[in-house]
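Down below is the structure, laid out as structure tokens.
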Amino acid sequence: MDFNIAVLGGDGIGPEVTAEGVKAMQAVGRAFGHNFTLEYGDVGGISIDRHGTPLTDGVRELATSADAVLFGAVGGPKWDDPSAPTRPEDGLLALRAHLNVFANIRPVKVYPELTDSSVLKPHVLEGVDMVVVRELTGGLYYAQPKGRTQTPQGIVGVDTMRYSESEIERVLRVGFELARGRRGKLTSVDKANVLETSRLWRATATRLADEYPDVELEHALVDACAMQIVLRPASYDVIVAENTFGDILTDEAAILAASMGLLPSEAGARTPGFYEPIHGTAPDIAGQGIANPCGSILSAAMMLRYSLGLTEEAAAVDRAVQTVLEQGYRTADIATAGDAATGTTQMGDLVANAIG
Ligand code: NAD
Ligand code: IPM
Ligand code: MN
């Protein structure tokens, strides 16, 4: 079959890891007889440098007309000036909003081969298999008013926490549906002891639970949940959280998997779906060829599965990553990699070979 994929590598290690995600797709193309037409675009800091904006209309169009988007990461010290009129991250947020990808699914898988590479004790990691559903197009990231204003009391920075019931309901439903197809447990995260948006969130979750009698709903306050995620991670099945909470909890959950570089994500399985590793541009290691590409490769696998309907092909990519880890290959971010760490492109080659 023929597919159009928009490839937006972005900044820092974004293009480095995305190239390996693409390599895995091309290996799938060869092994299974598919043709992926890749259309590349600038986004983030590189787009600011070249076009004066983090997201051009052209790239917006490119993404909209593609079957799916493979995204890298954006941002970096070069564009971090707090008084700059625009930032690389604005391009990512604008794209997510434009594509209306409101539910970001971030699976947290622990490879048995890597339990000795996590800072957590192996027995804590036994049986960990959770998915975090992060609301992606609302909350503090988007709600108005937002900005900086001069007041008689001095400069004031404003962000607004705002959620409508319908925004909450649609992402909660994604959580309930996912839980229904898994172990049947949904943890709805909020801060209902303080925040009005959270009280609406909790009430909505409770109301919806009647429609999903096969799913066991539990509510958790975000601060306590942050603690429980490293204390008893195996007790979680599906976690659903608003945008900011989900962002923070998934970086924390990456500790379970042993590295940020391993976690993929998908948003909006309907085309065009949006696929990106959860990590950022890693300025501390960018350009060195040592970044872990598995987050991008596994995001490409999610794309095959959820947007392109290529289930067997996706499983082949997942298996290939598993195989390469079983063979003992480790990028430098994995604590047990040692001196013989595998580089980004070599890791991508190994996975591509294992696919095909
Ligand atoms: P980061 O995720 O870029 O890096 C955090 C740490 O994890 C660093 O030590 C980094 O080296 C390591 N790391 C991350 N991904 C890795 C990989 N694939 N392989 C090996 N090590 C990896 O977070 P940060 O340093 O807080 O942010 C850097 C920049 O990235 C910021 O500008 C931020 O806004 C941006 N960012 C972008 C995205 C995105 O585009 N989706 C996500 C997160 C952060
Ligand atoms: C992520 C990142 C982004 C977010 C930033 C770069 C805007 O941290 O994708 O997790 O907060 O959504
Ligand atoms: Mn994040």
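Going by the structure tokens order, chains are called A, B, ..., each with residues numbered from 1, while ligands are numbered from 1 in the order shown.
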
Quiz item: So which residues of range 32-91 of chain A fall under strand (DSSP E or B) by DSSP, listed as a ChimeraX atom specification?
Solution: /A:35-40,68-73

Write the residues of the preceding selection, restricted to C-alpha atoms, as a PDB file, in the first residue's frame.
```
ATOM      1  CA  ASN A  35       5.592   2.455  -0.150  1.00  0.00           C
ATOM      2  CA  PHE A  36       6.029   5.340   2.265  1.00  0.00           C
ATOM      3  CA  THR A  37       6.281   8.715   0.572  1.00  0.00           C
ATOM      4  CA  LEU A  38       8.107  10.989   2.986  1.00  0.00           C
ATOM      5  CA  GLU A  39       7.606  14.730   2.959  1.00  0.00           C
ATOM      6  CA  TYR A  40      10.010  16.666   5.150  1.00  0.00           C
ATOM      7  CA  ALA A  68       0.298  10.631   9.619  1.00  0.00           C
ATOM      8  CA  VAL A  69       2.989  12.859  11.094  1.00  0.00           C
ATOM      9  CA  LEU A  70       6.264  11.621  12.566  1.00  0.00           C
ATOM     10  CA  PHE A  71       7.517  14.390  14.810  1.00  0.00           C
ATOM     11  CA  GLY A  72      10.916  14.670  16.518  1.00  0.00           C
ATOM     12  CA  ALA A  73      11.333  17.408  19.118  1.00  0.00           C
TER      13      ALA A  73
END
```

Self-check item: Within-6 Å residues of ligand 2, basis only C-alpha atoms and all ligand atoms, as a list in words
Solution: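 So the residues close to ligand 2 are Glu89, Asp247 and Ile278 of chain A.
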
Can you build me a table of chain A residues sitting at most 7 Å from ligand 1, with the closest atom pair per residue and its distance in Å to one decimal, using only C-alpha atoms and all ligand atoms, sorted by chain and residue number, as CSV?
```
residue,atom,partner,partner_atom_place_in_ligand_line,distance
A:Val17,CA,ligand 1,18 (N),6.8
A:Gly72,CA,ligand 1,40 (O),6.4
A:Ala73,CA,ligand 1,40 (O),3.2
A:Val74,CA,ligand 1,40 (O),3.9
A:Gly75,CA,ligand 1,32 (O),3.5
A:Gly76,CA,ligand 1,32 (O),3.9
A:Pro77,CA,ligand 1,32 (O),6.5
A:Glu89,CA,ligand 1,34 (O),6.1
A:Leu92,CA,ligand 1,40 (O),6.6
A:Ser259,CA,ligand 1,21 (N),7.0
A:Met260,CA,ligand 1,15 (N),5.2
A:Gly261,CA,ligand 1,18 (N),3.5
A:Leu262,CA,ligand 1,18 (N),6.9
A:Glu276,CA,ligand 1,41 (N),6.7
A:Pro277,CA,ligand 1,41 (N),6.9
A:Ile278,CA,ligand 1,41 (N),5.8
A:His279,CA,ligand 1,2 (O),3.8
A:Gly280,CA,ligand 1,3 (O),3.2
A:Thr281,CA,ligand 1,30 (O),4.0
A:Ala282,CA,ligand 1,3 (O),3.3
A:Pro283,CA,ligand 1,28 (C),5.9
A:Asp284,CA,ligand 1,11 (O),5.3
A:Ile285,CA,ligand 1,11 (O),5.4
A:Ile290,CA,ligand 1,20 (C),6.9
A:Ala291,CA,ligand 1,19 (N),3.7
A:Asn292,CA,ligand 1,19 (N),3.7
A:Pro293,CA,ligand 1,18 (N),5.6
A:Gly295,CA,ligand 1,18 (N),6.5
A:Ala332,CA,ligand 1,20 (C),6.9
A:Asp333,CA,ligand 1,20 (C),4.8
```

Exercise. Tell me which of A:Thr344, A:Leu140, A:Thr64, A:Leu256 sits closest to Arg232 in chain A, counting only C-alpha atoms.
Key: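 Among the listed residues, A:Leu256 lies closest to Arg232 in chain A.
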
Quiz item: Which of range 127-336 of chain A counts as helix (DSSP H, G or I) under DSSP, as a PyMOL selection string please?
Solution: chain A and resi 139-141+165-180+196-209+222-231+233-235+243-257+260-262+294-306+311-326

Any idea what's packed within 9 Å of Ala179 in chain A, counting only C-alpha atoms, ignoring anything in its chain fewer than 2 positions away? Could you give it as an mmCIF file with N, CA and C atoms, in the first residue's frame?
```cif
data_model
loop_
_atom_site.group_PDB
_atom_site.id
_atom_site.type_symbol
_atom_site.label_atom_id
_atom_site.label_comp_id
_atom_site.auth_asym_id
_atom_site.auth_seq_id
_atom_site.Cartn_x
_atom_site.Cartn_y
_atom_site.Cartn_z
ATOM 1 N N VAL A 131 -0.331 2.677 30.667
ATOM 2 C CA VAL A 131 -0.475 3.633 29.574
ATOM 3 C C VAL A 131 -0.992 4.932 30.180
ATOM 4 N N VAL A 174 -11.444 8.176 26.015
ATOM 5 C CA VAL A 174 -10.291 7.462 25.455
ATOM 6 C C VAL A 174 -9.670 6.573 26.531
ATOM 7 N N GLY A 175 -9.584 7.108 27.740
ATOM 8 C CA GLY A 175 -9.043 6.334 28.857
ATOM 9 C C GLY A 175 -9.899 5.124 29.192
ATOM 10 N N PHE A 176 -11.216 5.329 29.285
ATOM 11 C CA PHE A 176 -12.125 4.217 29.598
ATOM 12 C C PHE A 176 -12.040 3.133 28.526
ATOM 13 N N GLU A 177 -12.055 3.554 27.259
ATOM 14 C CA GLU A 177 -12.014 2.575 26.156
ATOM 15 C C GLU A 177 -10.719 1.764 26.200
ATOM 16 N N GLY A 181 -10.027 -2.462 27.025
ATOM 17 C CA GLY A 181 -9.296 -3.421 26.195
ATOM 18 C C GLY A 181 -8.054 -3.964 26.876
ATOM 19 N N ARG A 182 -7.782 -3.526 28.104
ATOM 20 C CA ARG A 182 -6.584 -3.971 28.811
ATOM 21 C C ARG A 182 -6.982 -4.678 30.110
ATOM 22 N N ARG A 183 -6.463 -4.207 31.241
ATOM 23 C CA ARG A 183 -6.762 -4.890 32.498
ATOM 24 C C ARG A 183 -7.973 -4.317 33.220
ATOM 25 N N GLY A 184 -8.641 -3.339 32.588
ATOM 26 C CA GLY A 184 -9.920 -2.868 33.130
ATOM 27 C C GLY A 184 -9.813 -1.919 34.300
ATOM 28 N N LYS A 185 -8.660 -1.242 34.432
ATOM 29 C CA LYS A 185 -8.543 -0.303 35.539
ATOM 30 C C LYS A 185 -8.158 1.082 35.020
ATOM 31 N N LEU A 186 -8.885 2.091 35.456
ATOM 32 C CA LEU A 186 -8.590 3.458 35.033
ATOM 33 C C LEU A 186 -8.332 4.332 36.252
ATOM 34 N N VAL A 215 -15.107 -1.344 33.761
ATOM 35 C CA VAL A 215 -13.855 -0.664 34.110
ATOM 36 C C VAL A 215 -13.935 -0.198 35.567
ATOM 37 N N GLU A 216 -12.887 -0.492 36.301
ATOM 38 C CA GLU A 216 -12.818 -0.032 37.688
ATOM 39 C C GLU A 216 -12.160 1.344 37.691
ATOM 40 N N ASP A 237 -2.829 0.585 35.468
ATOM 41 C CA ASP A 237 -3.153 0.075 34.137
ATOM 42 C C ASP A 237 -3.222 1.270 33.189
ATOM 43 N N VAL A 238 -4.333 1.990 33.192
ATOM 44 C CA VAL A 238 -4.436 3.207 32.395
ATOM 45 C C VAL A 238 -4.576 4.398 33.345
ATOM 46 N N ILE A 239 -3.780 5.418 33.082
ATOM 47 C CA ILE A 239 -3.849 6.667 33.842
ATOM 48 C C ILE A 239 -4.317 7.745 32.881
#
```

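For the residues A:Gly343, A:Gly127, A:Pro15, A:Gly21, ranking by smallest atom-to-atom distance to Val321 in chain A using only C-alpha atoms places A:Gly21 first.
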
Quiz item: Restricting the calculation to only C-alpha atoms and all ligand atoms, which member of A:Leu136, A:Val317, A:Val240, A:Ala258 is positioned closest to ligand 3?
Solution: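 Among the listed residues, A:Leu136 lies closest to ligand 3.
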